[in-house]
Each structure stands twice: as structure tokens, then as C-alpha cells.
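With CSV, C-alpha atoms inside, this is coords.csv:
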chain,number,residue,atom,x,y,z
A,651,MET,CA,43.0,124.3,27.1
A,652,THR,CA,41.4,121.3,25.5
A,653,ALA,CA,40.4,121.7,21.9
A,654,PRO,CA,38.0,119.2,20.5
A,655,GLU,CA,39.9,116.7,18.5
A,656,THR,CA,38.6,116.5,15.0
A,657,THR,CA,41.5,114.5,13.6
A,658,ALA,CA,43.9,112.0,15.0
A,659,ALA,CA,46.4,113.5,17.2
A,660,PRO,CA,49.5,114.5,15.2
A,661,THR,CA,52.4,112.3,16.0
A,662,PRO,CA,55.1,114.4,17.7
A,663,SER,CA,57.9,115.2,15.3
A,664,PRO,CA,61.1,113.4,16.2
A,665,ALA,CA,63.5,115.5,18.1
A,666,PRO,CA,66.0,117.0,15.6
A,667,THR,CA,69.2,115.1,16.4
A,668,ALA,CA,71.6,118.0,15.7
A,669,ALA,CA,69.7,120.3,18.1
A,670,ALA,CA,69.5,117.6,20.8
A,671,LEU,CA,73.3,117.1,20.5
A,672,ALA,CA,74.0,120.8,20.7
A,673,LEU,CA,71.9,121.4,23.8
A,674,GLY,CA,72.9,118.1,25.4
A,675,ASP,CA,76.6,118.7,24.9
A,676,ASP,CA,76.3,122.1,26.5
A,677,ALA,CA,74.8,120.5,29.6
A,678,LEU,CA,77.2,117.6,29.6
A,679,VAL,CA,80.4,119.6,29.2
A,680,LEU,CA,79.5,122.3,31.8
A,681,SER,CA,78.4,119.6,34.2
A,682,HIS,CA,81.8,117.9,33.9
A,683,ARG,CA,83.6,121.2,34.4
A,684,LEU,CA,81.6,122.0,37.5
A,685,GLY,CA,82.3,118.5,38.8
A,686,GLU,CA,86.0,119.3,38.7
A,687,TRP,CA,85.4,121.6,41.7
A,688,ALA,CA,84.6,118.6,43.9
A,689,GLY,CA,87.2,118.6,46.6
A,690,HIS,CA,88.6,122.0,45.6
A,691,ALA,CA,85.8,124.5,46.2
A,692,PRO,CA,86.6,127.5,48.5
A,693,VAL,CA,84.1,126.3,51.1
A,694,LEU,CA,82.1,123.2,51.7
A,695,GLU,CA,78.8,124.9,51.2
A,696,GLU,CA,79.8,126.2,47.8
A,697,GLU,CA,81.1,122.9,46.8
A,698,VAL,CA,77.7,121.3,47.4
A,699,ALA,CA,76.0,124.2,45.5
A,700,LEU,CA,78.3,123.7,42.4
A,701,ALA,CA,77.8,119.9,42.6
A,702,ASN,CA,74.0,120.4,42.7
A,703,ILE,CA,74.2,122.5,39.6
A,704,ALA,CA,76.4,120.0,37.9
A,705,LEU,CA,73.9,117.2,38.7
A,706,ASP,CA,71.0,119.2,37.3
A,707,LEU,CA,72.9,119.7,34.1
A,708,LEU,CA,73.9,116.0,33.9
A,709,GLY,CA,70.2,115.1,34.2
A,710,GLN,CA,69.4,117.5,31.3
A,711,ALA,CA,72.3,116.1,29.3
A,712,ARG,CA,71.1,112.5,29.7
A,713,LEU,CA,67.6,113.3,28.4
A,714,LEU,CA,68.9,115.3,25.5
A,715,LEU,CA,71.5,112.9,24.4
A,716,SER,CA,69.0,110.0,24.7
A,717,MET,CA,66.9,111.9,22.1
A,718,ALA,CA,69.9,111.8,19.7
A,719,GLY,CA,71.1,108.2,20.3
A,720,ASP,CA,72.7,106.1,23.1
A,721,GLU,CA,73.7,108.5,25.9
A,722,ASP,CA,76.7,106.5,26.9
A,723,ASP,CA,78.1,106.1,23.4
A,724,LEU,CA,77.6,109.7,22.7
A,725,ALA,CA,79.2,110.9,25.9
A,726,TYR,CA,82.1,108.5,26.1
A,727,LEU,CA,82.9,107.4,22.6
A,728,ARG,CA,82.8,110.5,20.5
A,729,GLU,CA,85.9,112.3,19.4
A,730,GLU,CA,86.5,116.0,20.1
A,731,ARG,CA,85.4,117.1,16.7
A,732,ALA,CA,82.0,115.4,17.1
A,733,PHE,CA,81.0,117.5,20.1
A,734,ARG,CA,78.6,120.3,19.4
A,735,ASN,CA,78.8,122.3,22.7
A,736,LEU,CA,79.5,126.0,22.9
A,737,GLN,CA,83.1,126.9,23.4
A,738,LEU,CA,82.0,128.9,26.5
A,739,VAL,CA,81.1,125.8,28.5
A,740,GLU,CA,84.4,124.0,27.9
A,741,GLN,CA,86.5,126.9,29.2
A,742,GLU,CA,88.6,125.9,32.2
A,743,ASN,CA,87.3,126.6,35.7
A,744,GLY,CA,90.0,129.1,36.5
A,745,ASP,CA,89.5,130.8,39.8
A,746,PHE,CA,86.1,131.0,41.5
A,747,ALA,CA,85.2,134.3,39.9
A,748,HIS,CA,86.0,132.8,36.5
A,749,THR,CA,83.6,129.9,37.2
A,750,ILE,CA,80.9,132.2,38.4
A,751,VAL,CA,81.1,134.5,35.4
A,752,ARG,CA,81.0,131.5,33.0
A,753,GLN,CA,77.9,130.3,34.9
A,754,LEU,CA,76.3,133.8,34.8
A,755,TYR,CA,76.8,134.0,31.0
A,756,PHE,CA,75.6,130.5,30.3
A,757,SER,CA,72.8,130.2,32.8
A,758,THR,CA,71.3,133.5,31.7
A,759,TYR,CA,71.3,132.2,28.1
A,760,GLN,CA,70.0,128.8,29.1
A,761,HIS,CA,67.2,130.2,31.2
A,762,LEU,CA,66.0,132.4,28.3
A,763,LEU,CA,66.3,129.6,25.9
A,764,TYR,CA,64.4,127.0,28.0
A,765,ALA,CA,61.7,129.5,29.0
A,766,GLU,CA,61.0,130.0,25.3
A,767,LEU,CA,61.2,126.3,24.5
A,768,ALA,CA,58.9,125.5,27.4
A,769,ALA,CA,56.3,127.9,26.1
A,770,GLY,CA,56.4,126.3,22.7
A,771,ALA,CA,55.1,123.0,21.4
A,772,GLY,CA,58.3,121.6,19.9
A,773,PRO,CA,60.0,118.3,20.9
A,774,PHE,CA,62.0,120.0,23.6
A,775,ALA,CA,59.0,121.6,25.4
A,776,PRO,CA,58.5,118.9,28.1
A,777,LEU,CA,62.1,118.8,29.0
A,778,ALA,CA,62.5,122.5,29.0
A,779,ALA,CA,59.4,123.0,31.2
A,780,LYS,CA,61.1,120.9,33.9
A,781,ALA,CA,64.6,122.2,33.4
A,782,VAL,CA,63.7,125.8,33.4
A,783,LYS,CA,63.1,125.8,37.2
A,784,GLU,CA,66.5,124.3,37.8
A,785,VAL,CA,68.1,126.8,35.5
A,786,ALA,CA,66.4,129.7,37.2
A,787,TYR,CA,68.2,128.7,40.4
A,788,HIS,CA,71.6,128.3,38.6
A,789,ARG,CA,71.1,131.8,37.2
A,790,ASP,CA,70.2,133.2,40.6
A,791,HIS,CA,73.2,131.6,42.2
A,792,ALA,CA,75.5,133.0,39.6
A,793,GLU,CA,74.0,136.5,39.9
A,794,GLN,CA,74.1,136.5,43.7
A,795,TRP,CA,77.8,135.6,43.6
A,796,ALA,CA,78.7,138.0,40.7
A,797,LEU,CA,77.2,140.9,42.8
A,798,ARG,CA,79.2,139.9,45.9
A,799,LEU,CA,82.4,139.3,44.1
A,800,GLY,CA,82.2,142.4,41.8
A,801,ASP,CA,81.2,144.6,44.7
A,802,GLY,CA,83.4,142.9,47.2
A,803,THR,CA,87.1,143.4,48.0
A,804,ALA,CA,89.5,145.0,45.6
A,805,GLU,CA,90.9,141.5,44.8
A,806,SER,CA,87.5,139.9,44.1
A,807,HIS,CA,86.5,142.9,42.0
A,808,GLU,CA,89.7,142.6,39.9
A,809,ARG,CA,89.3,138.8,39.4
A,810,THR,CA,85.7,139.2,38.4
A,811,ARG,CA,86.5,142.0,36.0
A,812,ARG,CA,89.2,139.8,34.4
A,813,ALA,CA,86.8,136.9,34.1
A,814,SER,CA,84.0,139.0,32.6
A,815,GLU,CA,86.4,140.3,29.9
A,816,ALA,CA,88.2,137.0,29.2
A,817,LEU,CA,84.9,135.1,28.6
A,818,TRP,CA,83.2,137.9,26.7
A,819,ARG,CA,84.4,136.8,23.3
A,820,PHE,CA,82.7,133.4,23.8
A,821,THR,CA,79.3,134.8,24.3
A,822,GLY,CA,78.4,135.7,20.7
A,823,GLU,CA,78.3,132.0,19.7
A,824,MET,CA,75.3,131.4,22.0
A,825,PHE,CA,73.0,133.2,19.7
A,826,GLN,CA,74.0,131.6,16.4
A,827,PRO,CA,70.7,129.8,15.5
A,828,VAL,CA,70.7,126.1,16.1
A,829,GLU,CA,68.8,124.2,13.4
A,830,GLY,CA,65.7,122.6,14.9
A,831,VAL,CA,65.5,125.0,17.8
A,832,ASP,CA,62.7,127.3,17.0
A,833,VAL,CA,63.2,130.4,19.1
A,834,ASP,CA,63.6,134.1,18.6
A,835,TRP,CA,67.4,134.2,18.7
A,836,LYS,CA,67.7,138.0,18.1
A,837,GLY,CA,65.2,138.7,20.9
A,838,MET,CA,67.0,136.3,23.2
A,839,GLU,CA,70.3,138.0,22.6
A,840,ALA,CA,68.8,141.4,23.4
A,841,ALA,CA,67.3,140.1,26.6
A,842,TRP,CA,70.6,138.4,27.5
A,843,LEU,CA,72.6,141.6,26.9
A,844,ALA,CA,70.2,143.6,29.0
A,845,SER,CA,70.2,141.1,31.9
A,846,VAL,CA,73.9,140.4,32.0
A,847,GLY,CA,74.6,144.1,31.6
A,848,GLU,CA,72.4,144.9,34.5
A,849,VAL,CA,74.1,142.4,36.8
A,850,LEU,CA,77.6,143.6,35.8
A,851,ARG,CA,76.6,147.2,36.4
A,852,ARG,CA,75.1,146.3,39.8
A,853,ALA,CA,78.3,144.5,40.6
A,854,THR,CA,80.2,147.7,39.9
A,855,LEU,CA,81.7,146.2,36.8
A,856,THR,CA,81.6,147.6,33.3
A,857,VAL,CA,80.2,145.7,30.4
A,858,PRO,CA,83.2,144.5,28.4
A,859,GLU,CA,83.8,146.2,25.1
A,860,GLY,CA,85.6,143.4,23.3
A,861,PRO,CA,84.0,141.8,20.2
A,862,ARG,CA,81.4,139.1,20.7
A,863,THR,CA,81.1,138.2,17.1
A,864,GLY,CA,83.3,138.5,14.0
A,865,ALA,CA,86.8,137.6,13.2
A,866,TRP,CA,88.2,138.5,16.7
A,867,ALA,CA,85.6,136.7,18.6
A,868,ALA,CA,85.7,133.0,19.4
A,869,GLY,CA,83.2,130.3,18.9
A,870,ALA,CA,82.8,127.5,16.5
A,871,GLY,CA,82.0,124.8,19.0
A,872,ARG,CA,78.6,124.2,17.3
A,873,GLN,CA,80.6,123.2,14.2
A,874,GLY,CA,82.9,120.9,16.2
A,875,LEU,CA,85.9,123.2,16.6
A,876,HIS,CA,87.0,123.3,20.2
A,877,THR,CA,89.6,125.1,22.3
A,878,GLU,CA,92.8,123.6,23.5
A,879,SER,CA,91.8,122.4,27.0
A,880,PHE,CA,88.7,120.6,25.8
A,881,GLY,CA,90.8,117.6,24.6
A,882,ARG,CA,92.3,117.1,28.0
A,883,MET,CA,88.8,117.4,29.6
A,884,LEU,CA,87.5,114.8,27.3
A,885,ALA,CA,90.4,112.5,28.0
A,886,GLU,CA,89.6,112.6,31.7
A,887,MET,CA,85.9,112.2,31.2
A,888,GLN,CA,86.2,109.3,28.8
A,889,HIS,CA,89.2,107.3,29.8
A,890,LEU,CA,87.5,105.0,32.2
A,891,HIS,CA,84.8,104.0,29.8
A,892,ARG,CA,87.3,103.6,27.0
A,893,SER,CA,89.7,101.5,29.2
A,894,HIS,CA,86.9,99.3,30.4
A,895,PRO,CA,84.2,99.3,27.8
A,896,GLY,CA,80.8,98.4,29.4
A,897,ALA,CA,82.2,98.4,32.9
A,898,SER,CA,79.5,98.9,35.6
A,899,TRP,CA,79.3,98.7,39.4
B,972,MET,CA,89.8,124.3,52.3
B,973,THR,CA,91.2,127.5,53.6
B,974,ASN,CA,89.9,129.2,56.7
B,975,THR,CA,86.9,131.3,56.3
B,976,ASP,CA,85.7,134.1,58.5
B,977,TRP,CA,82.1,133.6,57.3
B,978,PRO,CA,79.7,133.7,60.2
B,979,LEU,CA,77.7,130.6,61.2
B,980,TRP,CA,74.0,130.3,60.7
B,981,GLU,CA,71.4,128.1,62.2
B,982,VAL,CA,68.9,126.6,59.7
B,983,PHE,CA,65.2,125.8,60.4
B,984,VAL,CA,63.2,124.0,57.8
B,985,ARG,CA,59.4,123.5,57.8
B,986,SER,CA,58.7,120.3,56.1
B,987,ARG,CA,54.9,120.7,55.4
B,988,ARG,CA,52.2,123.3,55.8
B,989,GLY,CA,50.8,123.3,59.3
B,990,LEU,CA,54.0,122.0,60.9
B,991,SER,CA,56.5,124.2,62.7
B,992,HIS,CA,60.0,125.0,61.6
B,993,THR,CA,62.5,122.5,63.0
B,994,HIS,CA,66.2,122.9,63.5
B,995,ALA,CA,68.0,121.1,60.6
B,996,GLY,CA,71.6,122.1,61.2
B,997,SER,CA,74.0,124.9,60.7
B,998,LEU,CA,76.2,126.3,57.9
B,999,HIS,CA,78.6,129.0,57.0
B,1000,ALA,CA,77.6,131.9,54.6
B,1001,PRO,CA,78.7,135.5,54.1
B,1002,ASP,CA,75.3,136.9,54.5
B,1003,ALA,CA,71.6,136.0,55.0
B,1004,GLU,CA,70.7,135.8,51.4
B,1005,LEU,CA,73.4,133.3,50.6
B,1006,ALA,CA,72.8,131.4,53.9
B,1007,LEU,CA,69.2,130.8,52.6
B,1008,ARG,CA,70.6,129.5,49.3
B,1009,ASN,CA,73.2,127.3,51.0
B,1010,ALA,CA,70.5,126.0,53.2
B,1011,ARG,CA,68.4,125.1,50.2
B,1012,ASP,CA,71.3,123.2,48.7
B,1013,LEU,CA,72.3,121.4,51.9
B,1014,TYR,CA,69.0,120.7,53.7
B,1015,THR,CA,66.2,120.6,51.1
B,1016,ARG,CA,67.6,118.6,48.2
B,1017,ARG,CA,65.2,115.7,48.6
B,1018,GLY,CA,62.0,117.6,48.9
B,1019,GLU,CA,62.2,118.1,52.6
B,1020,GLY,CA,60.9,121.6,52.9
B,1021,VAL,CA,58.4,124.3,51.9
B,1022,SER,CA,60.0,127.0,54.0
B,1023,ILE,CA,63.4,127.9,55.4
B,1024,TRP,CA,64.5,130.3,58.2
B,1025,VAL,CA,68.2,131.1,58.7
B,1026,VAL,CA,69.3,132.8,62.0
B,1027,PRO,CA,72.8,134.0,62.8
B,1028,SER,CA,74.1,131.6,65.4
B,1029,SER,CA,75.4,134.6,67.4
B,1030,ALA,CA,71.8,135.6,67.9
B,1031,VAL,CA,70.9,132.4,69.7
B,1032,THR,CA,71.1,132.6,73.5
B,1033,ALA,CA,71.5,129.1,74.8
B,1034,SER,CA,71.1,127.7,78.3
B,1035,SER,CA,74.5,126.8,79.8
B,1036,PRO,CA,75.4,123.2,80.4
B,1037,ASP,CA,76.7,124.3,83.9
B,1038,GLU,CA,73.2,125.4,84.8
B,1039,LYS,CA,71.6,122.2,83.7
B,1040,ASP,CA,70.7,121.1,87.2
B,1041,PRO,CA,68.9,124.3,88.4
B,1042,PHE,CA,67.2,124.6,85.1
B,1043,PHE,CA,65.9,121.2,84.5
B,1044,GLU,CA,66.2,119.0,87.6
B,1045,PRO,CA,63.3,120.5,89.5
B,1046,SER,CA,60.8,119.3,86.9
B,1047,ALA,CA,62.0,115.7,87.1
B,1048,ASP,CA,60.2,114.7,90.3
B,1049,LYS,CA,56.8,116.3,89.6
B,1050,PRO,CA,54.9,113.5,87.9
B,1051,TYR,CA,51.6,115.4,88.5
B,1052,ARG,CA,52.7,117.8,85.7
B,1053,HIS,CA,52.3,115.0,83.3
B,1054,PRO,CA,48.7,114.1,82.3
B,1055,THR,CA,49.2,110.4,83.1
B,1056,PHE,CA,46.5,110.0,85.7
B,1057,TYR,CA,43.5,110.1,83.4
B,1058,GLU,CA,41.7,107.0,82.1
B,1059,ILE,CA,41.7,107.2,78.4
B,1060,PRO,CA,38.2,106.5,77.1
B,1061,GLU,CA,37.9,103.8,74.6
B,1062,GLY,CA,37.9,104.8,71.0
B,1063,VAL,CA,40.1,107.9,71.5
B,1064,LYS,CA,42.9,107.4,69.1
B,1065,HIS,CA,44.8,110.6,69.1
B,1066,LEU,CA,45.9,111.7,72.5
How does this structure look as C-alpha cells?
Amino acid sequence: MTAPETTAAPTPSPAPTAAALALGDDALVLSHRLGEWAGHAPVLEEEVALANIALDLLGQARLLLSMAGDEDDLAYLREERAFRNLQLVEQENGDFAHTIVRQLYFSTYQHLLYAELAAGAGPFAPLAAKAVKEVAYHRDHAEQWALRLGDGTAESHERTRRASEALWRFTGEMFQPVEGVDVDWKGMEAAWLASVGEVLRRATLTVPEGPRTGAWAAGAGRQGLHTESFGRMLAEMQHLHRSHPGASW
Amino acid sequence: MTNTDWPLWEVFVRSRRGLSHTHAGSLHAPDAELALRNARDLYTRRGEGVSIWVVPSSAVTASSPDEKDPFFEPSADKPYRHPTFYEIPEGVKHL
């Protein structure tokens, strides 16, 4: 598709900083959470799989945060209130089912989001076009595990059910429009509900009935309000850089 | 790491079109679909492959180390089985 250029190529609009922060923080925080499994995963093979996903997300975070400023300063020197990630991604790992359901909820959202961004012409299109393939695999990994855990033993079913319900109230926040991200949020939410609902049903689970939006739902991460455990996670993530500013090896 | 009763799988990776699948290693997985995905994560992270096979290790019949001599020794003293008695014409590079 090459249209004859009649005028000078338009200079690409600078990436909206707030949007780059929101998407970058999602990737950074979930990457760190997944990294916490290192040395603790139920089996070695799964540990490598989770670390792979974490590294994909870290790569996305670096590109996105670099659009908003200095990546190290943004990752290591911001206070809790300055982070713009969804509350979903900062939730603690819990048991393996909890981690998988969190990943299912988030990767399904991220896949839909990046597919739409990749098809557009905005400042995030090049990054999304590359990342959408990585995220497709994250989504597949989470779906495969959700099916096996939900439709597995009585205990794995129960743990997966508990996780799907506990995390449900964090999922409404994903579809609050982010300024500077030009996608069809309503359409994405419908696609997300259809896809996640289908996976849960195939996993012999029921779609949780709790609220996803409104007063009883959670989610103000995009406004800088975070849940209790996020502060501890940040402390661990940032302490080395804060103790030894500029350290390298 | 707790014990797992997941079966063992042998992984074969084809690195390029035209080459054959080569044994890359083995891994544990609960079923074939997840074995494929684990193999992808463990053995093709650096662009090593275009195709993966996974085979239950229990389906592999291996020659026994005890039978090594009757199996392999008779071929050791038959140099005429090796095409080493031909003069290679000049200019032939790939032989």
C-alpha cells in the first residue's frame, strides 16, 4: 500500500506520555510479579515458561517507558502513587491457579488491545505489531492451563474457581478508556467477556457474578491508587537502585 | 520442587526447512499439548526451530547397553562398507 506522496510526510505525533505510562506500568508490574515465581514454580518447565512471559513483558515495558521518559528513573524512582498500572496486575501471585487466572484475564485484554493498536496508525502501532505475537502466546498459555486446572482434580477446580471470583472485581478497570489510546473500548470489553467466558465454561467453571464496575468493584490504578501489597512489591523492586543509585555490573 | 508424576517426553526440533528433526532433549509435561508448549519455551527460545515433535519417552524402544557388542561390533571391522576406496575427482567439493 504505497500512496503517492503529495505533501511532506507528516511527522508522527509524539506518544502520549500518560498512555505510554499506563501500558508500560501494566507490563512492568506484571513482569515483576511473574518474576517472583523464579525458584518457586511447581515444576521447572513451568518456571521457564513464566520467566519467558515475564521477559516479554519487561521488553514491552522498556519500550513503553522510554516513550514517556527515562526508563530507569520511571521504574525505580517513582513513588507508588505515580504508577498508572491496573490494580489487576499488581495482585499477589497467590497459588498457581491464581497466577494463571490473573494471566488469563490480563493477556486476553492485552491481546485484544495490541491487536487493535497494531492495526491502527498511532504511535503505539509499531510496538504493538511486534508485541501482539508474544501476547498471543501468553494468552494461549493461560488458556491451556485454565482449562486443565478448572477441568482437573477437585482441588485444582476449587482453587481456580476461587481465583476467578477473587480477581473478577479487578477486571472492569481494564476497559476504562485511557487517554491517548484510540481503540474501541466497548467493543473490546464485549470481546473480552465472550472470550474469557468461553474459556471458563470450557474449564467447567461458571462466569463470576460479582460486580466488575461500580462502587463494589475495585480499580483505580490508572489514577494512582493501588492495593496494599503493591507498596511491598515496589520496595523490593526498587531497593537496589535506591540504595546504590546508578549501580551497574 | 515437589515430585511430579508428569510423564517424560522426548523433544525433536527441526531447525530449518529441508533438514530433519533432531533430538534436542527431554522434559516433563502433563499431556502432549503442554509438552509442545514447554518444548517451545525450553528449546526454541533463540530462534532454533521451525517445527517441533514431542514423543512420549515410554514410546521409545532403545537398544540395550548390554547388547552393544552383538549390535554394533560386527560393523567395526568391515572397512569395505565405507566408501573410502574411491579417488575423488578434482573439483568435487561436496562429497
Exercise. Which polymer residues have any atom within 9 Å of an atom of Leu998 (chain B), counting all atoms listed in the file, with same-chain residues fewer than 5 positions away left out, as a list in words?
Worked result: Glu695 of chain A; Pro978, Leu979, Trp980, Glu981, Val982, Ala1006, Asn1009, Ala1010 and Leu1013 of chain B
Can you write just those residues out, C-alpha atoms, as a PDB file, keeping the file's coordinate frame?
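Saved to part.pdb:
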ATOM      1  CA  GLU A 695      78.800 124.900  51.200  1.00  0.00           C
TER       2      GLU A 695
ATOM      3  CA  PRO B 978      79.700 133.700  60.200  1.00  0.00           C
ATOM      4  CA  LEU B 979      77.700 130.600  61.200  1.00  0.00           C
ATOM      5  CA  TRP B 980      74.000 130.300  60.700  1.00  0.00           C
ATOM      6  CA  GLU B 981      71.400 128.100  62.200  1.00  0.00           C
ATOM      7  CA  VAL B 982      68.900 126.600  59.700  1.00  0.00           C
ATOM      8  CA  ALA B1006      72.800 131.400  53.900  1.00  0.00           C
ATOM      9  CA  ASN B1009      73.200 127.300  51.000  1.00  0.00           C
ATOM     10  CA  ALA B1010      70.500 126.000  53.200  1.00  0.00           C
ATOM     11  CA  LEU B1013      72.300 121.400  51.900  1.00  0.00           C
TER      12      LEU B1013
END
Tell me as an mmCIF file with C-alpha atoms, keeping the file's coordinate frame which residues belonging to chain A come within 9 Å of chain B, counting only C-alpha atoms.
data_model
loop_
_atom_site.group_PDB
_atom_site.id
_atom_site.type_symbol
_atom_site.label_atom_id
_atom_site.label_comp_id
_atom_site.auth_asym_id
_atom_site.auth_seq_id
_atom_site.Cartn_x
_atom_site.Cartn_y
_atom_site.Cartn_z
ATOM 1 C CA GLY A 689 87.200 118.600 46.600
ATOM 2 C CA HIS A 690 88.600 122.000 45.600
ATOM 3 C CA ALA A 691 85.800 124.500 46.200
ATOM 4 C CA PRO A 692 86.600 127.500 48.500
ATOM 5 C CA VAL A 693 84.100 126.300 51.100
ATOM 6 C CA LEU A 694 82.100 123.200 51.700
ATOM 7 C CA GLU A 695 78.800 124.900 51.200
ATOM 8 C CA GLU A 696 79.800 126.200 47.800
ATOM 9 C CA VAL A 698 77.700 121.300 47.400
ATOM 10 C CA ALA A 699 76.000 124.200 45.500
ATOM 11 C CA ASN A 702 74.000 120.400 42.700
ATOM 12 C CA HIS A 791 73.200 131.600 42.200
ATOM 13 C CA GLN A 794 74.100 136.500 43.700
ATOM 14 C CA TRP A 795 77.800 135.600 43.600
#
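The coordinates place CA of Arg811 (chain A) at 12.5 Å from CA of Arg798 (chain A).
Pairwise distance (CA of Gln873 (chain A), CA of Leu700 (chain A)) equals 28.3 Å.
For the pair CA of Ile1023 (chain B) and CA of Gly989 (chain B), the separation is 14.0 Å.
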Problem set entry | Shell around Arg872 (chain A) at 7 Å using all atoms listed in the file, local window under 4 positions removed, as a list of chain:residue names | A:Ala672, A:Arg734, A:Asn735, A:Leu736
For this session: Please provide the set of residues having any atom within 9 Å of Glu1019 (chain B), restricted to all atoms listed in the file, with same-chain residues fewer than 5 positions apart removed, written as number ranges by chain.
Result: B: 984-987, 1014
Size and centre in Å, one decimal, axis-aligned box, all listed region 981-985 of chain B atoms plus 4 Å per side, as lines of an AutoDock Vina configuration file:
center_x = 65.4
center_y = 125.8
center_z = 60.0
size_x = 20.0
size_y = 12.6
size_z = 12.4
Can you pull out every residue within 10 Å of Trp835 (chain A), counting all atoms listed in the file, but drop anything in the same chain fewer than 2 positions away, and send it as a short mmCIF file (atom, residue, chain, number, x, y, z; two decimals) with C-alpha atoms, keeping the file's coordinate frame?
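The result, written out as part_27.cif:
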data_model
loop_
_atom_site.label_atom_id
_atom_site.label_comp_id
_atom_site.auth_asym_id
_atom_site.auth_seq_id
_atom_site.Cartn_x
_atom_site.Cartn_y
_atom_site.Cartn_z
CA LEU A 762 66.00 132.40 28.30
CA LEU A 763 66.30 129.60 25.90
CA MET A 824 75.30 131.40 22.00
CA PHE A 825 73.00 133.20 19.70
CA GLN A 826 74.00 131.60 16.40
CA PRO A 827 70.70 129.80 15.50
CA VAL A 828 70.70 126.10 16.10
CA VAL A 831 65.50 125.00 17.80
CA ASP A 832 62.70 127.30 17.00
CA VAL A 833 63.20 130.40 19.10
CA GLY A 837 65.20 138.70 20.90
CA MET A 838 67.00 136.30 23.20
CA GLU A 839 70.30 138.00 22.60
CA ALA A 840 68.80 141.40 23.40
CA ALA A 841 67.30 140.10 26.60
#
Problem set entry | Near-Gln888 (chain A) list (8 Å; only C-alpha atoms; drop same-chain fewer than 5 positions) as number ranges by chain | A: 725-727
